[in-house]
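What follows is a single structure, written as structure tokens, with notes after it.
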Amino acid sequence: MPMSKSKVTKRIKQILFLLTAIAFSARAASARQSPSDQLKEGAVERVAGAAVARGENRESLKRYKGENGILSAKTVIFGGEFRVTTVIPFKGNFAEYHHLEVARPVSLVGRALTPDVASRQVDKFKSQFESRRLFETVTVIDAYDHATASQHEQQPSTSAPSEKSDDIDSAESLDAPMGNFDDLIARDKRRALGEDAWQRPAADKTLVVVIEVLDYAKGSRWKQALPLDLSKSILTVRLRYYEKSTGEEVGRQIISGQSDGSSLLGPLSPRDGLSGVADGFIDQVTRRVVASEK
């Protein structure tokens, strides 16, 4: 027997009343949220936004495993193997470096390395570091003079102490007379500023990498396809790592990359000696950042 019109209307009213009650309950629960909870949520959102703004995500690299530059699926199939020799072991905590500056390559092979090839090299390094998100900023610079930075760091201060600092020291002395209420407030403010300066974290350090090209040969992909081991693509660089503000050298490596016809894809592979050096460079820095973060 079909329902009458009045029953249908009544059922619709019941459904509407139930939906209204559910909406009212949800709104009341949201209104009952404590101010502290709202502040916590706001803080979480601000931290998340700051992480995105920093452009740095080292959390995803905690399980990072170093690359094998010679025997790996990538090098066997695509080519572009690399070898790393550490000349000066790294020192310091790489977790303190949140900025990276890569100097344009310095050619020690004369005209074999053209400016266009040098620019292509440094652009590849920059793009791979940015995709790995190891540092907050990655910047390409024209050159870096570590000697100037070192002299600036070691230069002694010749300025005489100011009279204002002498007054502050005498006012803070235990032998100083008791001041009035305004003097006490001023002293508390000075102490608070001093403690705040002590507790503030040091500025993020900047790691500077100077690239010196020791050997370079562009190679020919089509000659590499011949079974004569001809026309290899070779790139060998010496990397010097510096702490920017002090000019201290914190590590030195030689990385050599090459590509020949031994890979499965042969001349069809887009990888060359530069690809191998880039892989080795990124891998070595990543290893040390991950180890310092643990």
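Labels used: A, B, ... for chains in the order of the structure tokens, numbers from 1 for residues in each chain, and numbers from 1 for ligands as shown.
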List every residue of region 87-136 of chain A that DSSP, applied to the backbone of this structure, assigns to alpha helix (DSSP H), and report them as a JSON list (two decimals) with all heavy atoms, in the first residue's frame.
[["chain", "number", "residue", "atom", "x", "y", "z"],
["A", 115, "PRO", "N", 83.65, 27.37, -21.75],
["A", 115, "PRO", "CA", 82.72, 27.96, -20.77],
["A", 115, "PRO", "C", 81.33, 27.33, -20.82],
["A", 115, "PRO", "O", 80.67, 27.20, -19.79],
["A", 115, "PRO", "CB", 82.69, 29.44, -21.16],
["A", 115, "PRO", "CG", 84.01, 29.68, -21.84],
["A", 115, "PRO", "CD", 84.32, 28.41, -22.57],
["A", 116, "ASP", "N", 80.87, 26.97, -22.03],
["A", 116, "ASP", "CA", 79.54, 26.35, -22.14],
["A", 116, "ASP", "C", 79.50, 25.01, -21.42],
["A", 116, "ASP", "O", 78.53, 24.68, -20.72],
["A", 116, "ASP", "CB", 79.17, 26.16, -23.62],
["A", 116, "ASP", "CG", 78.94, 27.49, -24.32],
["A", 116, "ASP", "OD1", 78.70, 28.50, -23.61],
["A", 116, "ASP", "OD2", 79.02, 27.52, -25.56],
["A", 117, "VAL", "N", 80.55, 24.21, -21.59],
["A", 117, "VAL", "CA", 80.59, 22.91, -20.92],
["A", 117, "VAL", "C", 80.69, 23.10, -19.40],
["A", 117, "VAL", "O", 80.05, 22.38, -18.63],
["A", 117, "VAL", "CB", 81.79, 22.08, -21.44],
["A", 117, "VAL", "CG1", 81.91, 20.78, -20.65],
["A", 117, "VAL", "CG2", 81.60, 21.77, -22.92],
["A", 118, "ALA", "N", 81.47, 24.09, -18.97],
["A", 118, "ALA", "CA", 81.60, 24.35, -17.54],
["A", 118, "ALA", "C", 80.25, 24.77, -16.94],
["A", 118, "ALA", "O", 79.88, 24.33, -15.85],
["A", 118, "ALA", "CB", 82.64, 25.44, -17.29],
["A", 119, "SER", "N", 79.51, 25.61, -17.66],
["A", 119, "SER", "CA", 78.19, 26.03, -17.18],
["A", 119, "SER", "C", 77.23, 24.84, -17.12],
["A", 119, "SER", "O", 76.43, 24.72, -16.18],
["A", 119, "SER", "CB", 77.62, 27.11, -18.10],
["A", 119, "SER", "OG", 78.43, 28.27, -18.07],
["A", 120, "ARG", "N", 77.33, 23.94, -18.11],
["A", 120, "ARG", "CA", 76.46, 22.76, -18.10],
["A", 120, "ARG", "C", 76.78, 21.86, -16.91],
["A", 120, "ARG", "O", 75.89, 21.27, -16.30],
["A", 120, "ARG", "CB", 76.63, 21.99, -19.42],
["A", 120, "ARG", "CG", 75.65, 20.83, -19.59],
["A", 120, "ARG", "CD", 75.66, 20.35, -21.03],
["A", 120, "ARG", "NE", 76.93, 19.79, -21.41],
["A", 120, "ARG", "CZ", 77.26, 18.51, -21.29],
["A", 120, "ARG", "NH1", 76.38, 17.66, -20.78],
["A", 120, "ARG", "NH2", 78.42, 18.06, -21.68],
["A", 121, "GLN", "N", 78.06, 21.78, -16.56],
["A", 121, "GLN", "CA", 78.45, 20.97, -15.42],
["A", 121, "GLN", "C", 77.84, 21.51, -14.12],
["A", 121, "GLN", "O", 77.19, 20.78, -13.37],
["A", 121, "GLN", "CB", 79.98, 20.94, -15.29],
["A", 121, "GLN", "CG", 80.69, 20.15, -16.38],
["A", 121, "GLN", "CD", 82.19, 20.19, -16.20],
["A", 121, "GLN", "OE1", 82.69, 20.69, -15.21],
["A", 121, "GLN", "NE2", 82.92, 19.65, -17.18],
["A", 122, "VAL", "N", 78.04, 22.81, -13.87],
["A", 122, "VAL", "CA", 77.58, 23.37, -12.61],
["A", 122, "VAL", "C", 76.06, 23.40, -12.54],
["A", 122, "VAL", "O", 75.47, 23.24, -11.46],
["A", 122, "VAL", "CB", 78.20, 24.77, -12.39],
["A", 122, "VAL", "CG1", 77.53, 25.81, -13.27],
["A", 122, "VAL", "CG2", 78.13, 25.19, -10.94],
["A", 123, "ASP", "N", 75.39, 23.58, -13.68],
["A", 123, "ASP", "CA", 73.93, 23.55, -13.69],
["A", 123, "ASP", "C", 73.41, 22.15, -13.34],
["A", 123, "ASP", "O", 72.39, 22.02, -12.65],
["A", 123, "ASP", "CB", 73.39, 23.98, -15.06],
["A", 123, "ASP", "CG", 73.60, 25.46, -15.32],
["A", 123, "ASP", "OD1", 73.83, 26.21, -14.34],
["A", 123, "ASP", "OD2", 73.53, 25.87, -16.50],
["A", 124, "LYS", "N", 74.11, 21.13, -13.80],
["A", 124, "LYS", "CA", 73.71, 19.75, -13.47],
["A", 124, "LYS", "C", 73.87, 19.48, -11.98],
["A", 124, "LYS", "O", 73.01, 18.87, -11.34],
["A", 124, "LYS", "CB", 74.51, 18.75, -14.29],
["A", 124, "LYS", "CG", 74.01, 17.31, -14.19],
["A", 124, "LYS", "CD", 74.81, 16.40, -15.10],
["A", 124, "LYS", "CE", 74.25, 14.99, -15.09],
["A", 124, "LYS", "NZ", 72.90, 14.91, -15.68],
["A", 125, "PHE", "N", 74.99, 19.94, -11.42],
["A", 125, "PHE", "CA", 75.19, 19.77, -9.98],
["A", 125, "PHE", "C", 74.09, 20.47, -9.19],
["A", 125, "PHE", "O", 73.52, 19.90, -8.24],
["A", 125, "PHE", "CB", 76.55, 20.33, -9.57],
["A", 125, "PHE", "CG", 77.73, 19.63, -10.20],
["A", 125, "PHE", "CD1", 78.91, 20.31, -10.42],
["A", 125, "PHE", "CD2", 77.65, 18.31, -10.59],
["A", 125, "PHE", "CE1", 80.00, 19.68, -11.00],
["A", 125, "PHE", "CE2", 78.73, 17.66, -11.17],
["A", 125, "PHE", "CZ", 79.91, 18.35, -11.38],
["A", 126, "LYS", "N", 73.79, 21.69, -9.56],
["A", 126, "LYS", "CA", 72.79, 22.49, -8.84],
["A", 126, "LYS", "C", 71.42, 21.83, -8.90],
["A", 126, "LYS", "O", 70.72, 21.70, -7.89],
["A", 126, "LYS", "CB", 72.71, 23.90, -9.43],
["A", 126, "LYS", "CG", 71.72, 24.83, -8.73],
["A", 126, "LYS", "CD", 71.78, 26.23, -9.35],
["A", 126, "LYS", "CE", 70.88, 27.20, -8.59],
["A", 126, "LYS", "NZ", 69.46, 26.87, -8.73],
["A", 127, "SER", "N", 71.00, 21.39, -10.09],
["A", 127, "SER", "CA", 69.67, 20.79, -10.24],
["A", 127, "SER", "C", 69.55, 19.50, -9.45],
["A", 127, "SER", "O", 68.50, 19.23, -8.83],
["A", 127, "SER", "CB", 69.38, 20.54, -11.72],
["A", 127, "SER", "OG", 70.29, 19.58, -12.26],
["A", 128, "GLN", "N", 70.61, 18.70, -9.41],
["A", 128, "GLN", "CA", 70.53, 17.44, -8.67],
["A", 128, "GLN", "C", 70.50, 17.67, -7.16],
["A", 128, "GLN", "O", 69.81, 16.96, -6.43],
["A", 128, "GLN", "CB", 71.69, 16.52, -9.06],
["A", 128, "GLN", "CG", 71.58, 15.99, -10.48],
["A", 128, "GLN", "CD", 72.33, 14.68, -10.67],
["A", 128, "GLN", "OE1", 72.64, 13.98, -9.72],
["A", 128, "GLN", "NE2", 72.62, 14.35, -11.91],
["A", 129, "PHE", "N", 71.25, 18.65, -6.68],
["A", 129, "PHE", "CA", 71.19, 18.97, -5.25],
["A", 129, "PHE", "C", 69.81, 19.50, -4.88],
["A", 129, "PHE", "O", 69.28, 19.18, -3.81],
["A", 129, "PHE", "CB", 72.26, 20.00, -4.89],
["A", 129, "PHE", "CG", 73.57, 19.39, -4.51],
["A", 129, "PHE", "CD1", 74.70, 19.60, -5.27],
["A", 129, "PHE", "CD2", 73.68, 18.59, -3.37],
["A", 129, "PHE", "CE1", 75.92, 19.03, -4.92],
["A", 129, "PHE", "CE2", 74.89, 18.02, -3.01],
["A", 129, "PHE", "CZ", 76.01, 18.25, -3.79],
["A", 130, "GLU", "N", 69.22, 20.31, -5.73],
["A", 130, "GLU", "CA", 67.88, 20.83, -5.45],
["A", 130, "GLU", "C", 66.84, 19.72, -5.43],
["A", 130, "GLU", "O", 65.93, 19.72, -4.60],
["A", 130, "GLU", "CB", 67.52, 21.90, -6.49],
["A", 130, "GLU", "CG", 68.29, 23.20, -6.32],
["A", 130, "GLU", "CD", 67.97, 24.21, -7.40],
["A", 130, "GLU", "OE1", 67.51, 23.79, -8.48],
["A", 130, "GLU", "OE2", 68.18, 25.41, -7.17],
["A", 131, "SER", "N", 66.96, 18.77, -6.33],
["A", 131, "SER", "CA", 66.00, 17.66, -6.34],
["A", 131, "SER", "C", 66.19, 16.75, -5.13],
["A", 131, "SER", "O", 65.23, 16.19, -4.61],
["A", 131, "SER", "CB", 66.16, 16.84, -7.63],
["A", 131, "SER", "OG", 67.46, 16.26, -7.71],
["A", 132, "ARG", "N", 67.40, 16.62, -4.63],
["A", 132, "ARG", "CA", 67.67, 15.81, -3.45],
["A", 132, "ARG", "C", 67.22, 16.52, -2.17],
["A", 132, "ARG", "O", 66.94, 15.89, -1.16],
["A", 132, "ARG", "CB", 69.16, 15.48, -3.38],
["A", 132, "ARG", "CG", 69.60, 14.54, -2.29],
["A", 132, "ARG", "CD", 69.01, 13.15, -2.44],
["A", 132, "ARG", "NE", 69.39, 12.48, -3.65],
["A", 132, "ARG", "CZ", 70.51, 11.80, -3.84],
["A", 132, "ARG", "NH1", 71.40, 11.71, -2.89],
["A", 132, "ARG", "NH2", 70.73, 11.18, -4.99]]
Considering only C-alpha atoms, return as a short mmCIF file (atom, residue, chain, number, x, y, z; two decimals) with N, CA, C and O atoms, in the first residue's frame whatever protein or nucleic-acid residues lie within 9 Å of Val285 (chain A), sequence-local ones (same chain, fewer than 5 positions apart) excluded.
data_model
loop_
_atom_site.label_atom_id
_atom_site.label_comp_id
_atom_site.auth_asym_id
_atom_site.auth_seq_id
_atom_site.Cartn_x
_atom_site.Cartn_y
_atom_site.Cartn_z
N PHE A 94 78.27 17.90 9.33
CA PHE A 94 77.60 18.36 8.12
C PHE A 94 76.14 18.73 8.37
O PHE A 94 75.51 19.36 7.54
N LEU A 134 68.78 18.51 -0.01
CA LEU A 134 69.69 18.39 1.12
C LEU A 134 69.88 19.73 1.84
O LEU A 134 70.13 19.76 3.05
N GLY A 280 78.58 10.84 -8.22
CA GLY A 280 79.55 10.68 -7.14
C GLY A 280 79.56 11.88 -6.21
O GLY A 280 79.64 11.72 -4.98
N VAL A 290 73.58 12.68 5.92
CA VAL A 290 72.75 11.67 6.59
C VAL A 290 73.44 11.16 7.84
O VAL A 290 72.82 11.00 8.90
#
So that I can check the secondary structure, give me every residue of region 204-282 of chain A assigned strand (DSSP E or B) by backbone DSSP, as a PyMOL selection string. chain A and resi 205-217+233-243+248-259
Would you mind exporting C-alpha atoms of the selected residues as an mmCIF file, in the first residue's frame?
data_model
loop_
_atom_site.group_PDB
_atom_site.id
_atom_site.type_symbol
_atom_site.label_atom_id
_atom_site.label_comp_id
_atom_site.auth_asym_id
_atom_site.auth_seq_id
_atom_site.Cartn_x
_atom_site.Cartn_y
_atom_site.Cartn_z
ATOM 1 C CA LYS A 205 76.596 27.464 8.084
ATOM 2 C CA THR A 206 77.306 27.611 4.371
ATOM 3 C CA LEU A 207 79.294 24.915 2.583
ATOM 4 C CA VAL A 208 81.253 26.129 -0.444
ATOM 5 C CA VAL A 209 82.500 23.685 -3.082
ATOM 6 C CA VAL A 210 85.321 24.689 -5.418
ATOM 7 C CA ILE A 211 85.545 22.532 -8.568
ATOM 8 C CA GLU A 212 88.862 22.093 -10.390
ATOM 9 C CA VAL A 213 88.735 20.139 -13.656
ATOM 10 C CA LEU A 214 91.815 17.900 -13.984
ATOM 11 C CA ASP A 215 90.866 15.917 -17.098
ATOM 12 C CA TYR A 216 88.118 16.221 -19.683
ATOM 13 C CA ALA A 217 87.248 14.460 -22.926
ATOM 14 C CA SER A 233 83.742 10.325 -22.278
ATOM 15 C CA ILE A 234 85.957 11.269 -19.325
ATOM 16 C CA LEU A 235 85.688 13.904 -16.608
ATOM 17 C CA THR A 236 87.937 14.109 -13.541
ATOM 18 C CA VAL A 237 87.485 16.872 -10.973
ATOM 19 C CA ARG A 238 89.054 17.836 -7.682
ATOM 20 C CA LEU A 239 86.487 19.073 -5.185
ATOM 21 C CA ARG A 240 87.543 21.313 -2.309
ATOM 22 C CA TYR A 241 84.967 21.814 0.454
ATOM 23 C CA TYR A 242 85.153 24.990 2.561
ATOM 24 C CA GLU A 243 83.293 26.475 5.497
ATOM 25 C CA GLU A 248 88.659 26.438 6.496
ATOM 26 C CA GLU A 249 88.961 23.493 4.119
ATOM 27 C CA VAL A 250 86.817 20.723 5.600
ATOM 28 C CA GLY A 251 87.422 18.065 2.946
ATOM 29 C CA ARG A 252 88.907 17.293 -0.455
ATOM 30 C CA GLN A 253 88.088 14.618 -3.005
ATOM 31 C CA ILE A 254 88.919 13.567 -6.536
ATOM 32 C CA ILE A 255 86.003 12.144 -8.502
ATOM 33 C CA SER A 256 86.450 10.617 -11.940
ATOM 34 C CA GLY A 257 83.533 9.693 -14.187
ATOM 35 C CA GLN A 258 83.581 7.967 -17.543
ATOM 36 C CA SER A 259 81.270 6.417 -20.094
#
What lies within 7 Å of Val76 (chain A) using only C-alpha atoms, ignoring chain neighbours under 3 positions off, as a count of residues only? 6
Residue nearest Pro89 (chain A) among A:Arg288, A:Lys74, A:Val138, A:Lys294 (counting only C-alpha atoms):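 So, comparing all the options, the nearest one is A:Arg288.
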